[in-house]
Amino acid sequence: MGGSPLRVLVVGAGIAGLAVARALRLAGFRPDVTERLPPAESTDTGLYLPGNAARAMRRLDLDGPLRPLGQVIHRQRFLDAAGAPLCEVDLDALWTGVGECRALPRAELLGVLLTGAGGAVRHGAEVSTVDPLPGGVAVGFTDGTSAEYDLVVGADGPRSAVRTLAALGGPPRPAGHVVYRALVRGGPRIADWTALLGQRAGFLVVPLGAGRLYCYADEAGTDLPADPLARLRELFGSYGGPVPEVLDALETVCVERTEEVELGRWFHGRVLLVGDAAHATAPTLSQGAAMALEDAVVLAESLRAAGSVDAALLAYESRRRPRTRWVRDRTRDRNRTRDVPPALRDPLLRGRGGRIFREHYRLLTGPL
Ligand SMILES: Cc1cc2nc3c(=O)[nH]c(=O)nc-3n(C[C@H](O)[C@H](O)[C@H](O)COP(=O)(O)OP(=O)(O)OC[C@H]3O[C@@H](n4cnc5c(N)ncnc54)[C@H](O)[C@@H]3O)c2cc1C
């Protein structure tokens, strides 16, 4: 179907939506992209991209603009709450032949994807109705306009309106953690991805290059604190390693709950869900962006290879299911270990932690 005048609407200009727009443009389509938010700056956070994200960016021909950004990460270090080493993962060895692991500000990845998508996003327009037509979809927008498409791609995140409008599923499920994120300048010098594992809580610091650090912390629970910075200091004030210096350097902290989306089907008629709208998980494995980028690559390949849109959507879903299911299941496995008391968990991690953590990515280092 390459080069055909297929009319495609992508809903959402996050990582998934922009990556889909990029992949479809490379495949000869000219999708419309609509985003409910204005192009205003939001509070930036960091993003850690494992090697399969780099591979997907290469397939989107965007590895060149990505390469100067952020910092390549060579090693993951796991420490106990006091800062004593538990285990390590050699990331260059784990992702050899796939791609580099990188940490960067989220806004910088979105900037690369937006340029790659051709830059034309319609902002401030939310989808309000999605009605099936024979071989297509009628879409209404909150600004009163409407249009017909051959395919609507819902890339509108874990709380997807498209998912509800197309009767593919309801609200996301809480995944059971409150997460705190911040960008830090002037903190300690840290070269590696460094996580301190406590009792039902963890504190992660990742270097982003140019003296910046990305701080990510979480605790079990669902109640959001009134003062996230005070709560972070209370939770992690007794931790060792780099934590005291990072806590001192913190200024603005974003807080939210983790959410999970698990659906029986990803498409209904000519409406398809991708990215977090289809398969959000808690960010424990840092695979959300990689899965969204891979979705885009595989969707474009499926549309190019199949004889019809319907066949392409079927092929797409059957190719993507095993990898996203793997991420969800390994995420749940790893989250369960947080409930194990450190006195039991830490000796196990000292002996076998490196092997256990590498195993969580086994399927993902294989072919896309
Ligand atoms: C705390 C946290 C930390 C994370 N850390 C990492 C990490 O380090 N590495 C990693 O790979 N992943 C990480 N993730 C996961 C990653 O952020 C997501 O998987 C990824 O952003 C999914 O992208 P998306 O485009 O599917 O959804 P989103 O990023 O949610 O984008 C959806 C877009 O759609 C727009 N939208 C929503 N509704 C509508 C509508 N009705 N009409 C039009 N537009 C709409 C939204 O405004 C938004 O721009 C993390 C997630 C969380 C919560």
# chains A, B, ... in the order shown; residues from 1 in each chain; ligands from 1
>>> closest_atom_pairs(of="chain A", to="ligand 1", cutoff="8 Å", atoms="only C-alpha atoms and all ligand atoms", output="CSV")
residue,atom,partner,partner_atom_place_in_ligand_line,distance
A:Val11,CA,ligand 1,43 (C),4.9
A:Gly12,CA,ligand 1,34 (O),3.3
A:Ala13,CA,ligand 1,49 (O),4.7
A:Gly14,CA,ligand 1,31 (O),3.6
A:Ile15,CA,ligand 1,25 (O),3.9
A:Ala16,CA,ligand 1,25 (O),3.7
A:Gly17,CA,ligand 1,25 (O),5.4
A:Leu18,CA,ligand 1,25 (O),7.5
A:Thr34,CA,ligand 1,43 (C),5.5
A:Glu35,CA,ligand 1,44 (N),3.7
A:Arg36,CA,ligand 1,43 (C),4.0
A:Leu37,CA,ligand 1,47 (O),5.3
A:Gly46,CA,ligand 1,8 (O),6.6
A:Leu47,CA,ligand 1,8 (O),3.8
A:Tyr48,CA,ligand 1,8 (O),3.9
A:Leu49,CA,ligand 1,11 (O),5.2
A:Pro50,CA,ligand 1,11 (O),7.3
A:Ala53,CA,ligand 1,11 (O),7.6
A:Ala103,CA,ligand 1,8 (O),7.8
A:Gly124,CA,ligand 1,43 (C),7.7
A:Ala125,CA,ligand 1,43 (C),6.3
A:Glu126,CA,ligand 1,42 (N),3.8
A:Val127,CA,ligand 1,42 (N),5.0
A:Ser128,CA,ligand 1,41 (N),7.2
A:Ala155,CA,ligand 1,26 (O),5.3
A:Asp156,CA,ligand 1,34 (O),3.4
A:Gly157,CA,ligand 1,30 (O),3.5
A:Pro158,CA,ligand 1,30 (O),5.9
A:Arg159,CA,ligand 1,38 (N),6.9
A:Ser160,CA,ligand 1,38 (N),5.6
A:Ala161,CA,ligand 1,41 (N),4.9
A:Val162,CA,ligand 1,41 (N),6.6
A:Val179,CA,ligand 1,1 (C),5.5
A:Tyr180,CA,ligand 1,1 (C),6.8
A:Arg181,CA,ligand 1,1 (C),6.6
A:Tyr216,CA,ligand 1,3 (C),7.5
A:Val255,CA,ligand 1,1 (C),7.7
A:Glu256,CA,ligand 1,1 (C),6.7
A:Arg257,CA,ligand 1,53 (C),7.2
A:Thr258,CA,ligand 1,53 (C),5.6
A:Glu259,CA,ligand 1,53 (C),7.3
A:Val274,CA,ligand 1,26 (O),6.5
A:Gly275,CA,ligand 1,26 (O),3.6
A:Asp276,CA,ligand 1,26 (O),3.8
A:Ala277,CA,ligand 1,26 (O),5.8
A:Ala278,CA,ligand 1,26 (O),7.9
A:Ala280,CA,ligand 1,19 (O),6.1
A:Thr281,CA,ligand 1,19 (O),7.4
A:Ala282,CA,ligand 1,53 (C),6.8
A:Pro283,CA,ligand 1,50 (C),4.7
A:Thr284,CA,ligand 1,5 (N),7.8
A:Leu285,CA,ligand 1,9 (N),7.6
A:Ser286,CA,ligand 1,9 (N),3.8
A:Gln287,CA,ligand 1,11 (O),4.2
A:Gly288,CA,ligand 1,19 (O),3.0
A:Ala289,CA,ligand 1,11 (O),3.5
A:Ala290,CA,ligand 1,11 (O),5.3
A:Met291,CA,ligand 1,19 (O),7.2
A:Ala292,CA,ligand 1,26 (O),5.8
>>> select_by_dssp(residues="region 90-137 of chain A", states="alpha helix (DSSP H)", output="list of chain:residue names")
A:Leu91, A:Asp92, A:Ala93, A:Leu94, A:Arg106, A:Ala107, A:Glu108, A:Leu109, A:Leu110, A:Gly111, A:Val112, A:Leu113, A:Leu114, A:Thr115, A:Gly116
>>> select_by_dssp(residues="region 27-108 of chain A", states="strand (DSSP E)", output="ChimeraX atom specification")
/A:32-35,46-49,71-73,75-80,85-90,101-105
>>> write_last_selection(atoms="C-alpha atoms", output="tab-separated table (two decimals), in the first residue's frame")
chain	number	residue	atom	x	y	z
A	32	ASP	CA	-2.58	14.23	9.97
A	33	VAL	CA	-1.50	14.57	13.61
A	34	THR	CA	-3.73	16.13	16.24
A	35	GLU	CA	-2.74	16.97	19.82
A	46	GLY	CA	14.47	12.70	31.88
A	47	LEU	CA	14.18	9.51	29.90
A	48	TYR	CA	16.38	6.44	29.87
A	49	LEU	CA	16.32	4.61	26.53
A	71	GLN	CA	24.63	10.69	27.54
A	72	VAL	CA	25.39	7.12	26.52
A	73	ILE	CA	24.99	4.83	29.53
A	75	ARG	CA	26.53	0.35	33.11
A	76	GLN	CA	23.62	-0.13	35.54
A	77	ARG	CA	24.64	-0.27	39.20
A	78	PHE	CA	22.26	-1.58	41.84
A	79	LEU	CA	23.05	-0.59	45.45
A	80	ASP	CA	21.33	-1.25	48.76
A	85	PRO	CA	26.96	-2.48	45.85
A	86	LEU	CA	24.52	-5.32	45.13
A	87	CYS	CA	25.12	-6.09	41.45
A	88	GLU	CA	25.81	-4.56	38.02
A	89	VAL	CA	24.73	-4.95	34.41
A	90	ASP	CA	27.19	-4.30	31.57
A	101	CYS	CA	21.61	2.88	25.87
A	102	ARG	CA	21.11	6.61	26.33
A	103	ALA	CA	19.62	9.01	28.86
A	104	LEU	CA	18.38	12.44	27.78
A	105	PRO	CA	15.78	15.09	28.57
>>> residues_around(residues="Pro188 (chain A)", least_positions_apart="4", cutoff="12 Å", atoms="only C-alpha atoms", output="PDB file with N, CA and C atoms, in the first residue's frame")
ATOM      1  N   VAL A 184      18.097  17.556  37.750  1.00  0.00           N
ATOM      2  CA  VAL A 184      18.963  18.174  38.756  1.00  0.00           C
ATOM      3  C   VAL A 184      20.197  18.736  38.069  1.00  0.00           C
ATOM      4  N   ASP A 192      27.192   6.378  35.940  1.00  0.00           N
ATOM      5  CA  ASP A 192      26.369   5.233  35.561  1.00  0.00           C
ATOM      6  C   ASP A 192      24.912   5.426  35.978  1.00  0.00           C
ATOM      7  N   VAL A 205      19.280   7.465  39.955  1.00  0.00           N
ATOM      8  CA  VAL A 205      19.901   8.665  39.398  1.00  0.00           C
ATOM      9  C   VAL A 205      20.584   8.266  38.095  1.00  0.00           C
ATOM     10  N   VAL A 206      20.350   9.060  37.036  1.00  0.00           N
ATOM     11  CA  VAL A 206      20.946   8.764  35.737  1.00  0.00           C
ATOM     12  C   VAL A 206      21.563  10.048  35.186  1.00  0.00           C
ATOM     13  N   PRO A 207      22.818   9.991  34.732  1.00  0.00           N
ATOM     14  CA  PRO A 207      23.429  11.205  34.159  1.00  0.00           C
ATOM     15  C   PRO A 207      22.873  11.491  32.772  1.00  0.00           C
ATOM     16  N   GLY A 211      26.491  17.940  32.973  1.00  0.00           N
ATOM     17  CA  GLY A 211      26.305  18.200  34.405  1.00  0.00           C
ATOM     18  C   GLY A 211      24.877  18.024  34.898  1.00  0.00           C
ATOM     19  N   ARG A 212      24.010  17.445  34.061  1.00  0.00           N
ATOM     20  CA  ARG A 212      22.613  17.257  34.484  1.00  0.00           C
ATOM     21  C   ARG A 212      22.388  15.821  34.954  1.00  0.00           C
ATOM     22  N   LEU A 213      21.493  15.674  35.922  1.00  0.00           N
ATOM     23  CA  LEU A 213      21.099  14.345  36.394  1.00  0.00           C
ATOM     24  C   LEU A 213      19.591  14.217  36.288  1.00  0.00           C
ATOM     25  N   TYR A 214      19.145  13.000  36.003  1.00  0.00           N
ATOM     26  CA  TYR A 214      17.715  12.688  36.046  1.00  0.00           C
ATOM     27  C   TYR A 214      17.497  11.852  37.297  1.00  0.00           C
ATOM     28  N   CYS A 215      16.598  12.323  38.152  1.00  0.00           N
ATOM     29  CA  CYS A 215      16.308  11.612  39.392  1.00  0.00           C
ATOM     30  C   CYS A 215      14.895  11.033  39.307  1.00  0.00           C
ATOM     31  N   GLY A 241      25.061   6.546  49.606  1.00  0.00           N
ATOM     32  CA  GLY A 241      25.540   6.765  48.236  1.00  0.00           C
ATOM     33  C   GLY A 241      25.330   8.219  47.824  1.00  0.00           C
ATOM     34  N   PRO A 242      24.872   8.437  46.586  1.00  0.00           N
ATOM     35  CA  PRO A 242      24.732   9.818  46.099  1.00  0.00           C
ATOM     36  C   PRO A 242      23.448  10.500  46.561  1.00  0.00           C
ATOM     37  N   VAL A 243      22.563   9.785  47.276  1.00  0.00           N
ATOM     38  CA  VAL A 243      21.215  10.317  47.534  1.00  0.00           C
ATOM     39  C   VAL A 243      21.217  11.634  48.320  1.00  0.00           C
ATOM     40  N   PRO A 244      21.991  11.755  49.439  1.00  0.00           N
ATOM     41  CA  PRO A 244      21.913  13.026  50.177  1.00  0.00           C
ATOM     42  C   PRO A 244      22.245  14.234  49.308  1.00  0.00           C
ATOM     43  N   GLU A 245      23.278  14.112  48.459  1.00  0.00           N
ATOM     44  CA  GLU A 245      23.660  15.254  47.606  1.00  0.00           C
ATOM     45  C   GLU A 245      22.583  15.552  46.563  1.00  0.00           C
ATOM     46  N   VAL A 246      21.963  14.491  46.035  1.00  0.00           N
ATOM     47  CA  VAL A 246      20.898  14.714  45.039  1.00  0.00           C
ATOM     48  C   VAL A 246      19.701  15.384  45.718  1.00  0.00           C
ATOM     49  N   LEU A 247      19.349  14.915  46.902  1.00  0.00           N
ATOM     50  CA  LEU A 247      18.207  15.519  47.618  1.00  0.00           C
ATOM     51  C   LEU A 247      18.465  17.005  47.879  1.00  0.00           C
ATOM     52  N   ASP A 248      19.706  17.334  48.213  1.00  0.00           N
ATOM     53  CA  ASP A 248      20.044  18.747  48.468  1.00  0.00           C
ATOM     54  C   ASP A 248      19.874  19.603  47.217  1.00  0.00           C
ATOM     55  N   ALA A 249      20.140  18.987  46.039  1.00  0.00           N
ATOM     56  CA  ALA A 249      20.138  19.769  44.789  1.00  0.00           C
ATOM     57  C   ALA A 249      18.745  19.871  44.159  1.00  0.00           C
ATOM     58  N   LEU A 250      17.769  19.109  44.687  1.00  0.00           N
ATOM     59  CA  LEU A 250      16.432  19.074  44.069  1.00  0.00           C
ATOM     60  C   LEU A 250      15.698  20.401  44.222  1.00  0.00           C
TER      61      LEU A 250
END
>>> residues_around(residues="Arg7 (chain A)", least_positions_apart="3", cutoff="12 Å", atoms="only C-alpha atoms", output="VMD selection string")
chain A and resid 1 3 to 4 10 24 28 to 33 135 to 138 147 to 153 270 309
>>> closest_atom_pairs(of="region 19-60 of chain A", to="region 346-368 of chain A", cutoff="12 Å", atoms="only C-alpha atoms", output="CSV")
residue,atom,partner,partner_atom,distance
A:Pro50,CA,A:Tyr361,CA,9.4
A:Gly51,CA,A:Thr365,CA,7.9
A:Asn52,CA,A:Thr365,CA,6.7
A:Ala53,CA,A:Leu364,CA,10.0
A:Ala54,CA,A:Thr365,CA,11.5
A:Arg55,CA,A:Leu368,CA,9.1
A:Ala56,CA,A:Leu368,CA,8.7
A:Arg59,CA,A:Leu368,CA,10.6
>>> write_last_selection(atoms="C-alpha atoms", output="PDB file, in the first residue's frame")
ATOM      1  CA  PRO A  50      17.564   1.004  26.453  1.00  0.00           C
ATOM      2  CA  GLY A  51      19.289  -0.291  23.308  1.00  0.00           C
ATOM      3  CA  ASN A  52      16.146  -1.392  21.497  1.00  0.00           C
ATOM      4  CA  ALA A  53      14.968   2.249  21.461  1.00  0.00           C
ATOM      5  CA  ALA A  54      18.187   3.180  19.628  1.00  0.00           C
ATOM      6  CA  ARG A  55      17.531   0.415  17.111  1.00  0.00           C
ATOM      7  CA  ALA A  56      13.990   1.697  16.492  1.00  0.00           C
ATOM      8  CA  ARG A  59      14.894   2.254  11.622  1.00  0.00           C
TER       9      ARG A  59
END
